Amino acid sequence: MINILWYFMIYSIIGWMIEVSYHAVTMGKVVNRGFLNGPLCPVYGSGVLMVLMVVELCGSWFGFETDLSKAKVIELFIIGIIFATLIELIAGFLLDQLFHARWWDYRDRRFNLNGYICLEFSIYWGLGIAFVLRVIQPVIAKVVSGIPVKISWLILGFCYVIFTIDIILTVLTVLKLNRQLEKMRDMEAAINKLSDGMSEIIGTGTIKTIEKLSESQEKVEQAKDEIKEDIRDKVEQARADLEESYKRLRLMIRYQRIFGMGRILTSISKKSNKMYQDILDRIRQ
């Protein structure tokens, strides 16, 4: 159990470092591309951990070599492609279904499955897993085995408490972001309604009422002008207030970049939210 907990944490950190480095090179800036606030990418930890377990199971069931220093690279490569890709598929699907957003999207690449996985990155997974298991894992296993059990439990307990808190805070932040995006959509609809002549509609209805109640044509004409002007002022003020609230909300989302909604906004793919993509595009402009 100690080994499992250590391997998951270590490879999640390594995966986060790979993600940050990759996007620093390709995008020219450092971005926390992980789901969590902290320096962890659980999909990497889960992927490597599953492959390690599969290697052990295959060894016990089918007589394969479980000593990673002696295992055939092609076997590790194939296992890596299959099971690491499976983890990526499951994680991508769940994130999309639960939070309506994607932290990676392969729809612009050939041979992809709904954007969750693609052949190119599956091959990278296979190569990466083969390298990790043959070169890195023996070193990590040796280091972990040298840590006293009590110290391991102390360090791991602290790390997993922080990990759990991070998960809770991140989930709450993503849900809050979706609520705010829905609020922005409602604001946009209200602003468009006011801009599309609601004042004239309201004014016409009010004028008809006055015409029914008043007997003096002069008073009716005077009332028409006064009501139109009053309604126009109120509608313009309402629209201005809505636009100001919309602007403040947009800025709040954009600039919470370390732990808040702004970080989530930068971590998800640019064309990844099937419910609020139009709003996200306007926030990013």
# chains A, B, ... in the order shown; residues from 1 in each chain; ligands from 1
>>> select_by_dssp(residues="segment 37-186 of chain A", states="helix (DSSP H, G or I)", output="MDAnalysis selection string")
chainID A and resid 42:62 73:99 119:145 149:186
>>> write_last_selection(atoms="C-alpha atoms", output="tab-separated table (two decimals), in the first residue's frame")
chain	number	residue	atom	x	y	z
A	42	PRO	CA	-3.63	12.36	-11.41
A	43	VAL	CA	-4.17	10.94	-14.90
A	44	TYR	CA	-0.41	10.33	-15.14
A	45	GLY	CA	-0.20	8.76	-11.70
A	46	SER	CA	-3.21	6.56	-12.47
A	47	GLY	CA	-1.80	5.57	-15.86
A	48	VAL	CA	1.59	4.47	-14.59
A	49	LEU	CA	0.06	2.78	-11.54
A	50	MET	CA	-2.35	0.77	-13.68
A	51	VAL	CA	0.47	-0.35	-15.99
A	52	LEU	CA	2.57	-1.44	-12.99
A	53	MET	CA	-0.34	-3.48	-11.69
A	54	VAL	CA	-1.00	-5.01	-15.11
A	55	VAL	CA	2.66	-6.02	-15.44
A	56	GLU	CA	2.47	-7.75	-12.06
A	57	LEU	CA	-0.82	-9.48	-12.94
A	58	CYS	CA	0.44	-10.56	-16.36
A	59	GLY	CA	3.52	-11.97	-14.72
A	60	SER	CA	1.54	-14.02	-12.22
A	61	TRP	CA	-1.16	-15.13	-14.68
A	62	PHE	CA	0.77	-15.70	-17.89
A	73	VAL	CA	10.55	-3.14	-24.15
A	74	ILE	CA	7.95	-4.05	-26.80
A	75	GLU	CA	5.76	-5.67	-24.13
A	76	LEU	CA	5.97	-2.58	-21.94
A	77	PHE	CA	5.23	-0.41	-24.97
A	78	ILE	CA	2.08	-2.36	-25.88
A	79	ILE	CA	0.84	-2.47	-22.29
A	80	GLY	CA	1.49	1.26	-21.99
A	81	ILE	CA	-0.48	2.08	-25.13
A	82	ILE	CA	-3.49	0.01	-24.09
A	83	PHE	CA	-3.90	0.80	-20.42
A	84	ALA	CA	-2.55	4.36	-20.23
A	85	THR	CA	-4.80	5.28	-23.16
A	86	LEU	CA	-7.73	3.62	-21.38
A	87	ILE	CA	-7.11	5.79	-18.32
A	88	GLU	CA	-6.95	8.91	-20.51
A	89	LEU	CA	-10.22	7.95	-22.22
A	90	ILE	CA	-12.06	7.35	-18.94
A	91	ALA	CA	-10.69	10.53	-17.31
A	92	GLY	CA	-11.46	12.70	-20.34
A	93	PHE	CA	-14.99	11.34	-20.65
A	94	LEU	CA	-15.78	11.77	-16.94
A	95	LEU	CA	-14.43	15.34	-16.80
A	96	ASP	CA	-16.45	16.25	-19.87
A	97	GLN	CA	-19.67	14.70	-18.57
A	98	LEU	CA	-19.36	15.97	-15.00
A	99	PHE	CA	-18.07	19.49	-15.63
A	119	LEU	CA	-3.37	7.51	-32.04
A	120	GLU	CA	-0.49	10.00	-31.91
A	121	PHE	CA	-0.64	10.54	-28.17
A	122	SER	CA	-1.36	6.87	-27.51
A	123	ILE	CA	1.98	6.12	-29.15
A	124	TYR	CA	3.58	8.78	-26.94
A	125	TRP	CA	1.98	7.08	-23.94
A	126	GLY	CA	3.45	3.74	-25.00
A	127	LEU	CA	6.93	5.15	-25.51
A	128	GLY	CA	6.76	7.13	-22.28
A	129	ILE	CA	5.58	4.13	-20.25
A	130	ALA	CA	8.31	1.90	-21.68
A	131	PHE	CA	10.94	4.50	-20.79
A	132	VAL	CA	9.52	5.12	-17.32
A	133	LEU	CA	9.30	1.43	-16.42
A	134	ARG	CA	12.75	0.51	-17.70
A	135	VAL	CA	14.71	3.59	-16.61
A	136	ILE	CA	12.87	5.63	-13.98
A	137	GLN	CA	10.78	3.14	-12.03
A	138	PRO	CA	13.74	1.04	-10.73
A	139	VAL	CA	15.30	4.21	-9.30
A	140	ILE	CA	12.04	5.38	-7.71
A	141	ALA	CA	11.37	1.92	-6.29
A	142	LYS	CA	14.83	1.89	-4.70
A	143	VAL	CA	14.37	5.35	-3.17
A	144	VAL	CA	10.88	4.56	-1.84
A	145	SER	CA	12.01	1.27	-0.31
A	149	VAL	CA	7.64	3.12	7.09
A	150	LYS	CA	6.65	5.63	9.79
A	151	ILE	CA	8.16	8.54	7.87
A	152	SER	CA	6.43	7.34	4.69
A	153	TRP	CA	3.04	7.29	6.39
A	154	LEU	CA	3.66	10.76	7.85
A	155	ILE	CA	4.65	12.31	4.52
A	156	LEU	CA	1.97	10.48	2.55
A	157	GLY	CA	-0.72	11.36	5.09
A	158	PHE	CA	0.10	15.06	4.77
A	159	CYS	CA	0.26	14.89	0.95
A	160	TYR	CA	-3.04	13.07	0.59
A	161	VAL	CA	-4.85	15.42	2.97
A	162	ILE	CA	-3.71	18.35	0.81
A	163	PHE	CA	-4.61	16.33	-2.31
A	164	THR	CA	-8.14	15.70	-1.01
A	165	ILE	CA	-8.66	19.36	-0.08
A	166	ASP	CA	-7.43	20.39	-3.53
A	167	ILE	CA	-9.91	18.05	-5.22
A	168	ILE	CA	-12.81	19.46	-3.18
A	169	LEU	CA	-11.83	23.09	-3.82
A	170	THR	CA	-11.28	22.49	-7.53
A	171	VAL	CA	-14.64	20.76	-7.99
A	172	LEU	CA	-16.40	23.62	-6.17
A	173	THR	CA	-14.56	26.16	-8.32
A	174	VAL	CA	-15.51	24.44	-11.58
A	175	LEU	CA	-19.16	24.23	-10.50
A	176	LYS	CA	-19.07	27.91	-9.52
A	177	LEU	CA	-17.56	28.78	-12.92
A	178	ASN	CA	-20.41	27.01	-14.70
A	179	ARG	CA	-22.95	28.90	-12.58
A	180	GLN	CA	-21.29	32.21	-13.39
A	181	LEU	CA	-21.21	31.38	-17.10
A	182	GLU	CA	-24.93	30.63	-16.96
A	183	LYS	CA	-25.47	33.95	-15.20
A	184	MET	CA	-23.50	35.75	-17.91
A	185	ARG	CA	-25.62	34.11	-20.59
A	186	ASP	CA	-28.79	35.35	-18.85
>>> closest_residue(among="A:Phe8, A:Ile268, A:Leu249, A:Leu194", to="Asp105 of chain A", atoms="only C-alpha atoms")
A:Ile268
>>> closest_residue(among="A:Arg263, A:Lys193, A:His100, A:Arg284", to="Arg239 of chain A", atoms="only C-alpha atoms")
A:Lys193
>>> residues_around(residues="Trp104 of chain A", least_positions_apart="2", cutoff="9 Å", atoms="only C-alpha atoms", output="PyMOL selection string")
chain A and resi 33+92+102+106+115-117+267-269+272
>>> write_last_selection(atoms="N, CA and C atoms", output="mmCIF file, in the first residue's frame")
data_model
loop_
_atom_site.group_PDB
_atom_site.id
_atom_site.type_symbol
_atom_site.label_atom_id
_atom_site.label_comp_id
_atom_site.auth_asym_id
_atom_site.auth_seq_id
_atom_site.Cartn_x
_atom_site.Cartn_y
_atom_site.Cartn_z
ATOM 1 N N ARG A 33 -1.756 23.380 -16.415
ATOM 2 C CA ARG A 33 -2.734 22.717 -17.268
ATOM 3 C C ARG A 33 -3.458 21.581 -16.564
ATOM 4 N N GLY A 92 -10.953 11.652 -19.456
ATOM 5 C CA GLY A 92 -11.462 12.700 -20.340
ATOM 6 C C GLY A 92 -12.976 12.680 -20.440
ATOM 7 N N ARG A 102 -13.272 20.179 -21.175
ATOM 8 C CA ARG A 102 -12.189 19.248 -21.482
ATOM 9 C C ARG A 102 -10.853 19.884 -21.128
ATOM 10 N N TYR A 106 -8.346 16.297 -28.554
ATOM 11 C CA TYR A 106 -7.602 15.837 -29.732
ATOM 12 C C TYR A 106 -8.438 15.867 -31.008
ATOM 13 N N GLY A 115 -12.214 13.104 -29.505
ATOM 14 C CA GLY A 115 -11.310 14.080 -28.919
ATOM 15 C C GLY A 115 -10.701 13.677 -27.596
ATOM 16 N N TYR A 116 -11.133 12.562 -27.017
ATOM 17 C CA TYR A 116 -10.612 12.141 -25.710
ATOM 18 C C TYR A 116 -9.239 11.471 -25.850
ATOM 19 N N ILE A 117 -9.049 10.704 -26.887
ATOM 20 C CA ILE A 117 -7.777 10.027 -27.140
ATOM 21 C C ILE A 117 -7.485 10.113 -28.641
ATOM 22 N N SER A 267 -6.709 26.514 -17.930
ATOM 23 C CA SER A 267 -6.276 25.113 -17.947
ATOM 24 C C SER A 267 -7.062 24.263 -18.934
ATOM 25 N N ILE A 268 -8.326 24.619 -19.199
ATOM 26 C CA ILE A 268 -9.119 23.813 -20.118
ATOM 27 C C ILE A 268 -8.804 24.200 -21.558
ATOM 28 N N SER A 269 -9.083 23.280 -22.476
ATOM 29 C CA SER A 269 -8.835 23.541 -23.892
ATOM 30 C C SER A 269 -9.733 24.669 -24.383
ATOM 31 N N SER A 272 -13.596 23.614 -25.791
ATOM 32 C CA SER A 272 -13.807 22.411 -24.996
ATOM 33 C C SER A 272 -15.110 22.371 -24.209
#
